[in-house]
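Colleague: Before I ask anything, here is the structure I am working with.
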Amino acid sequence: MKIALKGGLVILGLLVTLLLFFAIWLWTAVHLPTVLPPSQAPSRGDTVLSGFYAPPERMPAEPGVMIRQEDLSGNSILESAGANIRLLYSSTDGLGAEAITPVSGALYLPEGEPPEGGWPLMIWSHGTVGIGDVCAPSYAGRGERDPIYLNPWLEQGFAIAASDYQGLGTPGTHPYMDARTMAYNNLDLARALQASDVPLSARLVIAGQSQGATGAIASASYANSYAPDVDLAGIIATGIPHFSAPVIWELVANSDRDEASASLSLSLYMLTFAEMLDPDFKLDPVLTDQARPVVEQIGQTCVFDFVANTQEAELSNSTTFVSRVEVPLMQVFSRANLYNLDFDTPVFAGSGTADKITPFFMQQEFLADACAAGATINAVTYEGANHNQGLLKSTQGAQDFARLVLSDGKVANTCEQ
């Protein structure tokens, strides 16, 4: 009898927790402002990489203007590129949605002569690298996975342009997972390039993985209202994050606060953005003494080293936080979902069934919501693929999709099945 009573209390406690989280999610979705005042949060990871990343004395008055460019070298290049170029361009600040801010990025051109009409353009929306300037891909390079995916695009004659995103490389803290910021940055990069003398096609696709999948999807959602001059033919998204109420319910119900996983590092990145969203929230006071020395390096350590440091310190939710952090995390989830799914740009969506970073059920919920909104989705599942493998296994299918939409071909809509 006592055992049954204890089990019933555990279940009741879980239900109360889930209902509380749902109420928090609903409140933040309704009440969180979409236009934010200048952040009073502490600057994290700001440093001077070089004079190239510094804002010009006089910023362009409009977004989507090229400011300067230079050759890339070292780890920043892609081996299959005929030209590797670092870029600085203007974009609209995704937080206040008004100010013009500098954003850095890169352009990779195929070898040889461009075809008539220019090289077909793929904008690459990168996944999580960290929040510090030293993690900007145009400066730090692209790790091991991304070049394996990107070089074949160059070999197939696609030009690749990639934003670092606001605050990575350039002044300010990167607003990690902010959908609108990434959308503005991707679309303004396309504008800046197509106003230049680089021989690129007028139509383009945007591809993204994980954090970058949110950026790619948000780009389609904002394209018609923010950048109707950008001829966006299609979106390619793998490892898609999606923070709907059912997803959050499932995550909370199956979470283990004592597990040391990579997800903790992503939560900590999100909480640095929560500091920018809520002037009453500060990250440092909610950290344990065990966690504080690791988290102090969050702006100077990029993602793989930061994950390794949290695991070496045996950090979990229960050993990292002295109080619950669900409310500030819900605010970030709301900003990560700051897009509509009723856009008319077709989407290639690749999902690995063994993905633990953006779990398979999360990606399936995205597909269900996008189909319900009337989106055109070509969904492909990769059995047994983890987060990285899902991206790499999608390469051929993504390229075939890009060629199809760039030539105005009809996409097979798996929503209709």
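Residue names in the structure tokens use chain letters A, B, ... in the order shown, residue numbers from 1 in each chain, and ligand numbers from 1 in the order shown.
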Near A:Phe281, counting only C-alpha atoms, which residues have an atom at most 12 Å away, once you skip same-chain residues fewer than 6 positions from it, shown as a list in words?
Modeller: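 Counting only the stated atoms, we get Ser39, Gln40, Ala41, Pro42, Leu271, Thr272, Phe273, Ala274, Glu275, Arg324, Val325, Glu326, Val327, Pro328, Leu329 and Gln331 of chain A.
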Colleague: Determine which residues of stretch 226-360 of chain A DSSP labels as helix (DSSP H, G or I) from the backbone of this structure, then write them out as a ChimeraX atom specification.
Modeller: /A:226,245-253,262-277,284-286,292-295,303-312,317-320,326-336,360
Colleague: Near A:Ser265, counting only C-alpha atoms, which residues have an atom at most 12 Å away, once you skip same-chain residues fewer than 4 positions from it, shown as a PyMOL selection string?
Modeller: chain A and resi 128-131+176+260-261+269-272+291+294-295+297-298+301-311+315-317+320+357
Colleague: Using N, CA and C atoms, can you write the selected residues to a file as a tab-separated table (two decimals), in the first residue's frame?
Modeller:
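To be explicit, this is the file written out as result.tsv:
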```tsv
chain	number	residue	atom	x	y	z
A	128	THR	N	25.49	24.81	-34.25
A	128	THR	CA	26.08	25.38	-33.05
A	128	THR	C	27.61	25.34	-33.09
A	129	VAL	N	28.22	26.48	-32.88
A	129	VAL	CA	29.69	26.55	-32.78
A	129	VAL	C	30.12	27.11	-31.43
A	130	GLY	N	29.22	27.78	-30.73
A	130	GLY	CA	29.54	28.48	-29.49
A	130	GLY	C	28.96	29.87	-29.56
A	131	ILE	N	29.31	30.73	-28.61
A	131	ILE	CA	28.77	32.09	-28.60
A	131	ILE	C	29.87	33.15	-28.64
A	176	TYR	N	22.04	33.20	-29.23
A	176	TYR	CA	21.99	31.80	-29.63
A	176	TYR	C	20.56	31.29	-29.78
A	260	ALA	N	24.82	13.54	-17.39
A	260	ALA	CA	25.78	14.48	-17.98
A	260	ALA	C	25.75	14.29	-19.48
A	261	SER	N	25.10	15.22	-20.20
A	261	SER	CA	24.97	15.09	-21.65
A	261	SER	C	25.33	16.39	-22.34
A	269	TYR	N	24.19	27.76	-23.35
A	269	TYR	CA	24.23	28.77	-24.41
A	269	TYR	C	22.90	29.52	-24.47
A	270	MET	N	21.80	28.78	-24.38
A	270	MET	CA	20.48	29.42	-24.42
A	270	MET	C	20.30	30.38	-23.25
A	271	LEU	N	20.84	30.02	-22.10
A	271	LEU	CA	20.67	30.88	-20.92
A	271	LEU	C	21.46	32.17	-21.04
A	272	THR	N	22.53	32.19	-21.83
A	272	THR	CA	23.20	33.48	-22.08
A	272	THR	C	22.32	34.37	-22.94
A	291	ALA	N	29.95	24.21	-11.06
A	291	ALA	CA	29.75	24.57	-12.46
A	291	ALA	C	30.40	25.90	-12.83
A	294	VAL	N	33.64	26.31	-15.05
A	294	VAL	CA	33.47	25.87	-16.44
A	294	VAL	C	32.67	26.91	-17.22
A	295	VAL	N	31.58	27.39	-16.63
A	295	VAL	CA	30.69	28.31	-17.33
A	295	VAL	C	31.35	29.67	-17.52
A	297	GLN	N	34.03	30.20	-18.74
A	297	GLN	CA	34.75	30.14	-20.01
A	297	GLN	C	33.81	30.00	-21.22
A	298	ILE	N	32.53	30.21	-21.02
A	298	ILE	CA	31.56	29.94	-22.08
A	298	ILE	C	31.77	30.81	-23.31
A	301	THR	N	35.42	29.48	-25.07
A	301	THR	CA	35.57	28.07	-25.43
A	301	THR	C	34.48	27.71	-26.44
A	302	CYS	N	34.86	27.12	-27.56
A	302	CYS	CA	33.88	26.76	-28.58
A	302	CYS	C	33.24	25.42	-28.26
A	303	VAL	N	32.24	25.05	-29.02
A	303	VAL	CA	31.27	24.05	-28.59
A	303	VAL	C	31.90	22.71	-28.21
A	304	PHE	N	32.78	22.15	-29.02
A	304	PHE	CA	33.29	20.81	-28.73
A	304	PHE	C	34.11	20.81	-27.45
A	305	ASP	N	34.94	21.85	-27.28
A	305	ASP	CA	35.74	21.94	-26.04
A	305	ASP	C	34.84	22.24	-24.85
A	306	PHE	N	33.81	23.06	-25.06
A	306	PHE	CA	32.91	23.40	-23.95
A	306	PHE	C	32.14	22.16	-23.49
A	307	VAL	N	31.64	21.37	-24.44
A	307	VAL	CA	30.96	20.12	-24.07
A	307	VAL	C	31.92	19.21	-23.31
A	308	ALA	N	33.15	19.08	-23.81
A	308	ALA	CA	34.13	18.22	-23.13
A	308	ALA	C	34.41	18.71	-21.72
A	309	ASN	N	34.48	20.03	-21.54
A	309	ASN	CA	34.76	20.59	-20.21
A	309	ASN	C	33.61	20.32	-19.25
A	310	THR	N	32.37	20.43	-19.73
A	310	THR	CA	31.23	20.17	-18.84
A	310	THR	C	31.20	18.69	-18.44
A	311	GLN	N	31.55	17.81	-19.37
A	311	GLN	CA	31.52	16.38	-19.05
A	311	GLN	C	32.68	15.97	-18.16
A	315	LEU	N	29.23	17.59	-15.00
A	315	LEU	CA	28.10	18.49	-14.81
A	315	LEU	C	26.83	17.90	-15.40
A	316	SER	N	25.77	17.99	-14.66
A	316	SER	CA	24.42	17.65	-15.09
A	316	SER	C	23.54	18.81	-14.66
A	317	ASN	N	22.26	18.75	-14.96
A	317	ASN	CA	21.36	19.81	-14.50
A	317	ASN	C	21.38	19.93	-12.99
A	320	THR	N	24.66	21.55	-11.84
A	320	THR	CA	25.01	22.83	-12.48
A	320	THR	C	24.21	23.99	-11.90
A	357	ILE	N	20.58	14.86	-30.20
A	357	ILE	CA	20.68	16.31	-29.98
A	357	ILE	C	19.34	16.98	-30.28
```
Colleague: Based on the backbone DSSP call, show me all residues of stretch 304-363 of chain A assigned strand (DSSP E or B), as a list in words.
Modeller: Phe321, Val347, Phe348, Ala349, Gly350, Ser351 and Gly352 of chain A
Colleague: Could you write those residues out with N, CA, C and O atoms, as a PDB file, in the first residue's frame?
Modeller:
```
ATOM      1  N   PHE A 321      22.938  23.764 -11.565  1.00  0.00           N
ATOM      2  CA  PHE A 321      22.046  24.861 -11.187  1.00  0.00           C
ATOM      3  C   PHE A 321      21.589  24.733  -9.738  1.00  0.00           C
ATOM      4  O   PHE A 321      21.244  23.643  -9.270  1.00  0.00           O
ATOM      5  N   VAL A 347      10.513  22.632 -48.783  1.00  0.00           N
ATOM      6  CA  VAL A 347      11.538  22.257 -47.809  1.00  0.00           C
ATOM      7  C   VAL A 347      11.922  20.796 -47.988  1.00  0.00           C
ATOM      8  O   VAL A 347      11.056  19.910 -48.048  1.00  0.00           O
ATOM      9  N   PHE A 348      13.225  20.542 -48.072  1.00  0.00           N
ATOM     10  CA  PHE A 348      13.767  19.192 -47.945  1.00  0.00           C
ATOM     11  C   PHE A 348      14.145  19.015 -46.482  1.00  0.00           C
ATOM     12  O   PHE A 348      14.969  19.776 -45.957  1.00  0.00           O
ATOM     13  N   ALA A 349      13.560  18.027 -45.794  1.00  0.00           N
ATOM     14  CA  ALA A 349      13.795  17.816 -44.369  1.00  0.00           C
ATOM     15  C   ALA A 349      14.377  16.433 -44.143  1.00  0.00           C
ATOM     16  O   ALA A 349      13.722  15.420 -44.417  1.00  0.00           O
ATOM     17  N   GLY A 350      15.621  16.368 -43.656  1.00  0.00           N
ATOM     18  CA  GLY A 350      16.274  15.094 -43.380  1.00  0.00           C
ATOM     19  C   GLY A 350      16.379  14.851 -41.890  1.00  0.00           C
ATOM     20  O   GLY A 350      16.790  15.728 -41.133  1.00  0.00           O
ATOM     21  N   SER A 351      16.003  13.629 -41.454  1.00  0.00           N
ATOM     22  CA  SER A 351      15.993  13.300 -40.024  1.00  0.00           C
ATOM     23  C   SER A 351      16.654  11.950 -39.786  1.00  0.00           C
ATOM     24  O   SER A 351      16.339  10.969 -40.465  1.00  0.00           O
ATOM     25  N   GLY A 352      17.553  11.887 -38.798  1.00  0.00           N
ATOM     26  CA  GLY A 352      18.152  10.627 -38.375  1.00  0.00           C
ATOM     27  C   GLY A 352      17.384  10.059 -37.205  1.00  0.00           C
ATOM     28  O   GLY A 352      17.076  10.773 -36.246  1.00  0.00           O
TER      29      GLY A 352
END
```
Colleague: Find the residue from A:Pro199, A:Gly234, A:Gly74, A:Pro147 that sits nearest to A:Trp119; use only C-alpha atoms when measuring.
Modeller: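 Closest candidate: A:Pro199.
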Colleague: What is the distance, in Å and to one decimal place, between atom CA of A:Phe343 and atom CA of A:Met330?
Modeller: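 Spanning atom CA of A:Phe343 to atom CA of A:Met330 is a straight-line distance of 24.7 Å.
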Colleague: Atom CA of A:Trp124 and atom CA of A:Ala162, how far apart in Å?
Modeller: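 For atom CA of A:Ala162 relative to atom CA of A:Trp124, the distance reads 4.8 Å.
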Colleague: Quick one: of A:Asp408, A:Pro63, A:Glu416, A:Gly215, who's nearest to A:Ala195, counting only C-alpha atoms?
Modeller: A:Pro63
